[in-house]
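Inspection log for the structure reproduced underneath, given as C-alpha coordinates.
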Amino acid sequence: MPSHTLDSLTLPDLVWLDEHDWRPVAQTETRSLSGALIVETGTMTGGRPITLAGADNYALTTRSVVDQLRAMAAEPGRVLHLTLADGRAFDVLFAADGIQARPLRLRVAYQATDPYSLTLNFRTV
(Lines give C-alpha, C1' and ligand atoms only; values in the text may rest on other atoms or scores of the structure.)
Protein backbone atom coordinates (compact mmCIF):
# COMPACT_ATOMS: atom_id res chain seq x y z
CA MET A 1 0.00 0.00 0.00
CA PRO A 2 1.43 3.43 -0.93
CA SER A 3 2.40 5.88 1.80
CA HIS A 4 2.97 9.61 1.95
CA THR A 5 6.57 10.72 1.38
CA LEU A 6 8.39 13.94 2.16
CA ASP A 7 11.46 14.03 -0.05
CA SER A 8 12.75 10.49 0.62
CA LEU A 9 11.24 10.13 4.11
CA THR A 10 8.23 7.82 4.39
CA LEU A 11 5.45 9.30 6.53
CA PRO A 12 2.62 7.50 8.31
CA ASP A 13 -0.84 7.56 6.71
CA LEU A 14 -1.74 10.99 8.04
CA VAL A 15 -5.07 12.58 7.09
CA TRP A 16 -5.18 15.90 5.18
CA LEU A 17 -7.41 17.94 7.49
CA ASP A 18 -7.81 21.18 5.55
CA GLU A 19 -7.89 19.81 2.01
CA HIS A 20 -11.18 21.51 1.11
CA ASP A 21 -10.80 24.70 3.18
CA TRP A 22 -8.67 26.61 0.65
CA ARG A 23 -9.93 28.68 -2.26
CA PRO A 24 -7.66 29.12 -5.29
CA VAL A 25 -9.09 32.61 -5.93
CA ALA A 26 -8.22 35.73 -3.96
CA GLN A 27 -10.74 38.56 -3.83
CA THR A 28 -10.83 42.04 -2.34
CA GLU A 29 -13.72 44.46 -2.26
CA THR A 30 -13.35 48.23 -1.85
CA ARG A 31 -15.52 51.28 -2.50
CA SER A 32 -14.63 54.14 -4.82
CA LEU A 33 -15.14 57.77 -3.80
CA SER A 34 -18.52 57.66 -5.58
CA GLY A 35 -19.53 54.60 -3.55
CA ALA A 36 -19.25 52.10 -6.41
CA LEU A 37 -18.10 48.62 -5.49
CA ILE A 38 -14.70 47.67 -6.87
CA VAL A 39 -14.00 43.91 -6.85
CA GLU A 40 -10.53 42.63 -7.67
CA THR A 41 -9.92 38.92 -8.15
CA GLY A 42 -6.87 36.83 -8.95
CA THR A 43 -5.64 33.27 -8.91
CA MET A 44 -3.58 32.21 -5.92
CA THR A 45 -0.18 30.90 -7.00
CA GLY A 46 0.95 29.39 -3.70
CA GLY A 47 0.41 29.35 0.02
CA ARG A 48 -2.19 26.60 0.17
CA PRO A 49 -2.15 25.09 3.66
CA ILE A 50 -1.63 21.36 3.94
CA THR A 51 -2.18 20.05 7.45
CA LEU A 52 -1.51 16.33 7.83
CA ALA A 53 -2.48 14.76 11.14
CA GLY A 54 -2.78 11.48 12.95
CA ALA A 55 -4.15 10.65 16.38
CA ASP A 56 -3.15 8.72 19.48
CA ASN A 57 -4.44 5.52 17.92
CA TYR A 58 -3.92 6.24 14.21
CA ALA A 59 -0.96 7.02 11.92
CA LEU A 60 1.68 6.87 14.64
CA THR A 61 5.34 7.43 13.95
CA THR A 62 8.59 7.02 15.84
CA ARG A 63 10.82 9.52 17.59
CA SER A 64 13.51 8.92 14.94
CA VAL A 65 11.10 10.10 12.20
CA VAL A 66 10.16 13.14 14.31
CA ASP A 67 13.87 13.96 14.69
CA GLN A 68 14.35 13.73 10.90
CA LEU A 69 11.37 16.01 10.32
CA ARG A 70 12.67 18.54 12.83
CA ALA A 71 16.03 18.58 11.04
CA MET A 72 14.25 19.29 7.73
CA ALA A 73 12.21 22.08 9.32
CA ALA A 74 15.36 23.64 10.81
CA GLU A 75 16.69 24.51 7.33
CA PRO A 76 15.29 27.98 6.52
CA GLY A 77 13.61 28.17 3.13
CA ARG A 78 14.06 24.50 2.33
CA VAL A 79 11.52 23.43 -0.28
CA LEU A 80 10.40 19.83 0.17
CA HIS A 81 8.59 17.52 -2.22
CA LEU A 82 5.47 16.04 -0.62
CA THR A 83 3.85 13.09 -2.39
CA LEU A 84 0.56 11.85 -0.96
CA ALA A 85 -0.41 8.19 -0.94
CA ASP A 86 -2.87 8.84 -3.80
CA GLY A 87 -0.06 10.17 -6.03
CA ARG A 88 -0.74 13.92 -5.78
CA ALA A 89 2.48 15.87 -5.33
CA PHE A 90 3.25 19.34 -3.97
CA ASP A 91 6.32 21.45 -3.35
CA VAL A 92 6.00 22.71 0.21
CA LEU A 93 7.67 24.61 3.02
CA PHE A 94 7.07 23.97 6.70
CA ALA A 95 4.66 26.57 8.11
CA ALA A 96 5.66 28.55 11.21
CA ASP A 97 3.95 25.94 13.42
CA GLY A 98 5.34 23.16 11.22
CA ILE A 99 5.55 20.16 13.53
CA GLN A 100 3.57 19.06 16.54
CA ALA A 101 4.71 15.71 17.87
CA ARG A 102 3.45 14.24 21.12
CA PRO A 103 4.85 11.11 22.74
CA LEU A 104 2.27 8.48 23.61
CA ARG A 105 4.17 7.47 26.74
CA LEU A 106 5.87 9.89 29.07
CA ARG A 107 9.42 8.92 29.93
CA VAL A 108 12.50 10.50 31.42
CA ALA A 109 14.67 9.27 28.51
CA TYR A 110 13.07 8.66 25.11
CA GLN A 111 14.15 5.97 22.66
CA ALA A 112 14.26 6.29 18.85
CA THR A 113 11.46 3.72 18.55
CA ASP A 114 9.03 5.38 21.00
CA PRO A 115 5.62 6.09 19.38
CA TYR A 116 4.47 9.65 18.66
CA SER A 117 1.29 11.19 17.30
CA LEU A 118 2.09 13.73 14.64
CA THR A 119 0.69 16.83 12.95
CA LEU A 120 2.55 18.49 10.08
CA ASN A 121 1.72 21.97 8.77
CA PHE A 122 2.92 22.97 5.30
CA ARG A 123 2.35 25.75 2.78
CA THR A 124 2.61 25.10 -0.94
CA VAL A 125 5.13 27.11 -2.98
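Scheme for the C-alpha coordinates: letters A, B, ... for chains in order shown; per-chain residue numbers from 1; ligand numbers from 1 in order shown.
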Please report, as a tab-separated table, each residue of stretch 4-63 of chain A lying at most 10 Å from stretch 93-117 of chain A, together with the nearest pair of atoms and the separation in Å rounded to one decimal; use only C-alpha atoms, and order rows by chain and ascending residue number.
residue	atom	partner	partner_atom	distance
A:Pro12	CA	A:Ser117	CA	9.8
A:Leu14	CA	A:Ser117	CA	9.7
A:Gly47	CA	A:Leu93	CA	9.2
A:Pro49	CA	A:Ala95	CA	8.3
A:Ile50	CA	A:Ala95	CA	9.2
A:Thr51	CA	A:Gly98	CA	9.0
A:Leu52	CA	A:Ile99	CA	9.9
A:Ala53	CA	A:Ser117	CA	8.1
A:Gly54	CA	A:Ser117	CA	6.0
A:Ala55	CA	A:Ser117	CA	5.5
A:Asp56	CA	A:Ser117	CA	5.5
A:Asn57	CA	A:Ser117	CA	8.1
A:Tyr58	CA	A:Ser117	CA	7.8
A:Ala59	CA	A:Ser117	CA	7.2
A:Leu60	CA	A:Ser117	CA	5.1
A:Thr61	CA	A:Tyr116	CA	5.3
A:Thr62	CA	A:Pro115	CA	4.7
A:Arg63	CA	A:Ala112	CA	4.9
Just write the chosen residues, N, CA, C and O atoms, as an mmCIF file, in the first residue's frame.
data_model
loop_
_atom_site.group_PDB
_atom_site.id
_atom_site.type_symbol
_atom_site.label_atom_id
_atom_site.label_comp_id
_atom_site.auth_asym_id
_atom_site.auth_seq_id
_atom_site.Cartn_x
_atom_site.Cartn_y
_atom_site.Cartn_z
ATOM 1 N N PRO A 12 3.779 8.346 8.030
ATOM 2 C CA PRO A 12 2.622 7.498 8.312
ATOM 3 C C PRO A 12 1.422 7.979 7.495
ATOM 4 O O PRO A 12 1.467 9.042 6.863
ATOM 5 N N LEU A 14 -1.085 9.840 7.435
ATOM 6 C CA LEU A 14 -1.739 10.991 8.042
ATOM 7 C C LEU A 14 -2.901 11.452 7.170
ATOM 8 O O LEU A 14 -2.893 11.267 5.954
ATOM 9 N N GLY A 47 0.860 29.076 -1.335
ATOM 10 C CA GLY A 47 0.413 29.350 0.025
ATOM 11 C C GLY A 47 -0.721 28.483 0.506
ATOM 12 O O GLY A 47 -1.245 28.702 1.598
ATOM 13 N N PRO A 49 -2.523 25.864 2.472
ATOM 14 C CA PRO A 49 -2.148 25.089 3.662
ATOM 15 C C PRO A 49 -2.397 23.600 3.441
ATOM 16 O O PRO A 49 -3.402 23.210 2.842
ATOM 17 N N ILE A 50 -1.464 22.813 3.911
ATOM 18 C CA ILE A 50 -1.629 21.357 3.937
ATOM 19 C C ILE A 50 -1.314 20.920 5.358
ATOM 20 O O ILE A 50 -0.162 20.979 5.790
ATOM 21 N N THR A 51 -2.344 20.527 6.084
ATOM 22 C CA THR A 51 -2.183 20.046 7.450
ATOM 23 C C THR A 51 -2.443 18.550 7.454
ATOM 24 O O THR A 51 -3.548 18.104 7.164
ATOM 25 N N LEU A 52 -1.408 17.783 7.757
ATOM 26 C CA LEU A 52 -1.515 16.328 7.826
ATOM 27 C C LEU A 52 -1.464 15.924 9.292
ATOM 28 O O LEU A 52 -0.573 16.360 10.024
ATOM 29 N N ALA A 53 -2.414 15.104 9.710
ATOM 30 C CA ALA A 53 -2.480 14.760 11.135
ATOM 31 C C ALA A 53 -2.850 13.311 11.345
ATOM 32 O O ALA A 53 -3.549 12.698 10.542
ATOM 33 N N GLY A 54 -2.393 12.793 12.461
ATOM 34 C CA GLY A 54 -2.776 11.478 12.949
ATOM 35 C C GLY A 54 -3.474 11.656 14.286
ATOM 36 O O GLY A 54 -3.944 12.734 14.617
ATOM 37 N N ALA A 55 -3.527 10.605 15.057
ATOM 38 C CA ALA A 55 -4.146 10.647 16.377
ATOM 39 C C ALA A 55 -3.412 9.659 17.277
ATOM 40 O O ALA A 55 -2.502 8.964 16.835
ATOM 41 N N ASP A 56 -3.821 9.608 18.531
ATOM 42 C CA ASP A 56 -3.149 8.718 19.484
ATOM 43 C C ASP A 56 -3.282 7.250 19.116
ATOM 44 O O ASP A 56 -2.515 6.420 19.581
ATOM 45 N N ASN A 57 -4.259 6.926 18.293
ATOM 46 C CA ASN A 57 -4.441 5.517 17.920
ATOM 47 C C ASN A 57 -4.408 5.325 16.403
ATOM 48 O O ASN A 57 -4.818 4.295 15.909
ATOM 49 N N TYR A 58 -3.931 6.328 15.662
ATOM 50 C CA TYR A 58 -3.921 6.240 14.214
ATOM 51 C C TYR A 58 -2.719 6.991 13.642
ATOM 52 O O TYR A 58 -2.414 8.096 14.083
ATOM 53 N N ALA A 59 -2.068 6.393 12.650
ATOM 54 C CA ALA A 59 -0.961 7.024 11.921
ATOM 55 C C ALA A 59 0.156 7.466 12.864
ATOM 56 O O ALA A 59 0.631 8.592 12.807
ATOM 57 N N LEU A 60 0.592 6.563 13.703
ATOM 58 C CA LEU A 60 1.677 6.865 14.636
ATOM 59 C C LEU A 60 3.014 6.799 13.913
ATOM 60 O O LEU A 60 3.153 6.142 12.883
ATOM 61 N N THR A 61 3.988 7.471 14.477
ATOM 62 C CA THR A 61 5.341 7.425 13.948
ATOM 63 C C THR A 61 6.303 7.237 15.102
ATOM 64 O O THR A 61 5.892 7.115 16.254
ATOM 65 N N THR A 62 7.579 7.210 14.801
ATOM 66 C CA THR A 62 8.589 7.018 15.845
ATOM 67 C C THR A 62 9.339 8.318 16.105
ATOM 68 O O THR A 62 9.316 9.249 15.293
ATOM 69 N N ARG A 63 10.016 8.342 17.247
ATOM 70 C CA ARG A 63 10.818 9.517 17.586
ATOM 71 C C ARG A 63 11.896 9.759 16.540
ATOM 72 O O ARG A 63 12.205 10.905 16.229
#
*Step one, run DSSP on the backbone; step two, keep only residues of chain A assigned to strand (DSSP E or B); then write them as number ranges by chain.*
A: 5-6, 9-10, 15-16, 25-31, 37-43, 49-53, 55, 58, 61-62, 80-83, 89-103, 115-124
*Go ahead and compute the interatomic distance for atom CA of A:Gly77 and atom CA of A:Thr41, in Å to one decimal.*
28.2 Å
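If only C-alpha atoms are the atoms counted, then among A:Asp67, A:Leu80, A:Gly42, A:Arg48 the closest residue to A:His20 is A:Arg48.
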*asked:* Can you tell me which residues surround A:Thr10 at a distance of at most 12 Å, considering only C-alpha atoms, apart from same-chain residues fewer than 3 positions away, and format the answer as number ranges by chain?
replied: A: 2-7, 13-14, 59, 61-62, 64-66, 68-69, 81-85
Those same residues, written as an mmCIF file, in the first residue's frame with N, CA and C atoms?
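Saved result, selection_23.cif, follows:
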data_model
loop_
_atom_site.group_PDB
_atom_site.id
_atom_site.type_symbol
_atom_site.label_atom_id
_atom_site.label_comp_id
_atom_site.auth_asym_id
_atom_site.auth_seq_id
_atom_site.Cartn_x
_atom_site.Cartn_y
_atom_site.Cartn_z
ATOM 1 N N PRO A 2 0.610 2.219 -0.876
ATOM 2 C CA PRO A 2 1.431 3.426 -0.930
ATOM 3 C C PRO A 2 1.324 4.241 0.360
ATOM 4 N N SER A 3 2.364 4.994 0.635
ATOM 5 C CA SER A 3 2.396 5.883 1.796
ATOM 6 C C SER A 3 2.735 7.282 1.334
ATOM 7 N N HIS A 4 2.523 8.251 2.221
ATOM 8 C CA HIS A 4 2.972 9.613 1.948
ATOM 9 C C HIS A 4 4.493 9.635 2.050
ATOM 10 N N THR A 5 5.134 10.506 1.242
ATOM 11 C CA THR A 5 6.568 10.716 1.378
ATOM 12 C C THR A 5 6.860 12.212 1.386
ATOM 13 N N LEU A 6 7.882 12.574 2.119
ATOM 14 C CA LEU A 6 8.388 13.938 2.162
ATOM 15 C C LEU A 6 9.851 13.848 1.776
ATOM 16 N N ASP A 7 10.185 14.334 0.584
ATOM 17 C CA ASP A 7 11.463 14.026 -0.048
ATOM 18 C C ASP A 7 11.603 12.504 -0.038
ATOM 19 N N ASP A 13 0.357 7.227 7.492
ATOM 20 C CA ASP A 13 -0.839 7.556 6.715
ATOM 21 C C ASP A 13 -1.653 8.649 7.395
ATOM 22 N N LEU A 14 -1.085 9.840 7.435
ATOM 23 C CA LEU A 14 -1.739 10.991 8.042
ATOM 24 C C LEU A 14 -2.901 11.452 7.170
ATOM 25 N N ALA A 59 -2.068 6.393 12.650
ATOM 26 C CA ALA A 59 -0.961 7.024 11.921
ATOM 27 C C ALA A 59 0.156 7.466 12.864
ATOM 28 N N THR A 61 3.988 7.471 14.477
ATOM 29 C CA THR A 61 5.341 7.425 13.948
ATOM 30 C C THR A 61 6.303 7.237 15.102
ATOM 31 N N THR A 62 7.579 7.210 14.801
ATOM 32 C CA THR A 62 8.589 7.018 15.845
ATOM 33 C C THR A 62 9.339 8.318 16.105
ATOM 34 N N SER A 64 12.457 8.724 15.953
ATOM 35 C CA SER A 64 13.505 8.925 14.943
ATOM 36 C C SER A 64 12.961 9.658 13.719
ATOM 37 N N VAL A 65 11.720 9.374 13.314
ATOM 38 C CA VAL A 65 11.100 10.101 12.197
ATOM 39 C C VAL A 65 10.843 11.551 12.604
ATOM 40 N N VAL A 66 10.380 11.766 13.824
ATOM 41 C CA VAL A 66 10.163 13.139 14.314
ATOM 42 C C VAL A 66 11.480 13.911 14.286
ATOM 43 N N GLN A 68 14.026 13.436 12.301
ATOM 44 C CA GLN A 68 14.350 13.730 10.899
ATOM 45 C C GLN A 68 13.511 14.892 10.369
ATOM 46 N N LEU A 69 12.242 14.919 10.735
ATOM 47 C CA LEU A 69 11.370 16.010 10.315
ATOM 48 C C LEU A 69 11.822 17.340 10.907
ATOM 49 N N HIS A 81 9.548 18.119 -1.287
ATOM 50 C CA HIS A 81 8.588 17.520 -2.219
ATOM 51 C C HIS A 81 7.717 16.536 -1.444
ATOM 52 N N LEU A 82 6.431 16.871 -1.330
ATOM 53 C CA LEU A 82 5.466 16.035 -0.623
ATOM 54 C C LEU A 82 4.655 15.253 -1.653
ATOM 55 N N THR A 83 4.672 13.934 -1.532
ATOM 56 C CA THR A 83 3.848 13.087 -2.389
ATOM 57 C C THR A 83 2.875 12.340 -1.488
ATOM 58 N N LEU A 84 1.586 12.527 -1.744
ATOM 59 C CA LEU A 84 0.563 11.851 -0.957
ATOM 60 C C LEU A 84 0.383 10.421 -1.447
ATOM 61 N N ALA A 85 -0.220 9.608 -0.619
ATOM 62 C CA ALA A 85 -0.406 8.193 -0.940
ATOM 63 C C ALA A 85 -1.212 7.992 -2.227
#
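Excluding A:Gly46 itself and any same-chain residue fewer than 2 positions from it, the protein and nucleic acid residues within 9 Å of it, counting only C-alpha atoms, are A:Pro24, A:Met44, A:Arg48, A:Arg123, A:Thr124, A:Val125.
Across the model, the gap from atom CA of A:Phe122 to atom CA of A:Glu19 is 11.7 Å.
Put simply, atom CA of A:Phe90 is 19.7 Å away from atom CA of A:Ala71.
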*Taking the chain letters and numbering used in this document, name the residues of chain A that DSSP puts in helix (DSSP H, G or I), as a list in words.*
Arg63, Ser64, Val65, Val66, Asp67, Gln68, Leu69, Arg70, Ala71, Met72 and Ala73 of chain A
*Identify which of the residues A:Val39, A:Val25, A:Val79, A:Val92 lies closest to A:Leu120, counting only C-alpha atoms when measuring atom-to-atom distances.*
A:Val92
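With only C-alpha atoms as the atoms that count, the residue of A:Gln27, A:Thr119, A:Thr43, A:Ser32 with the shortest distance to A:Leu11 is A:Thr119.
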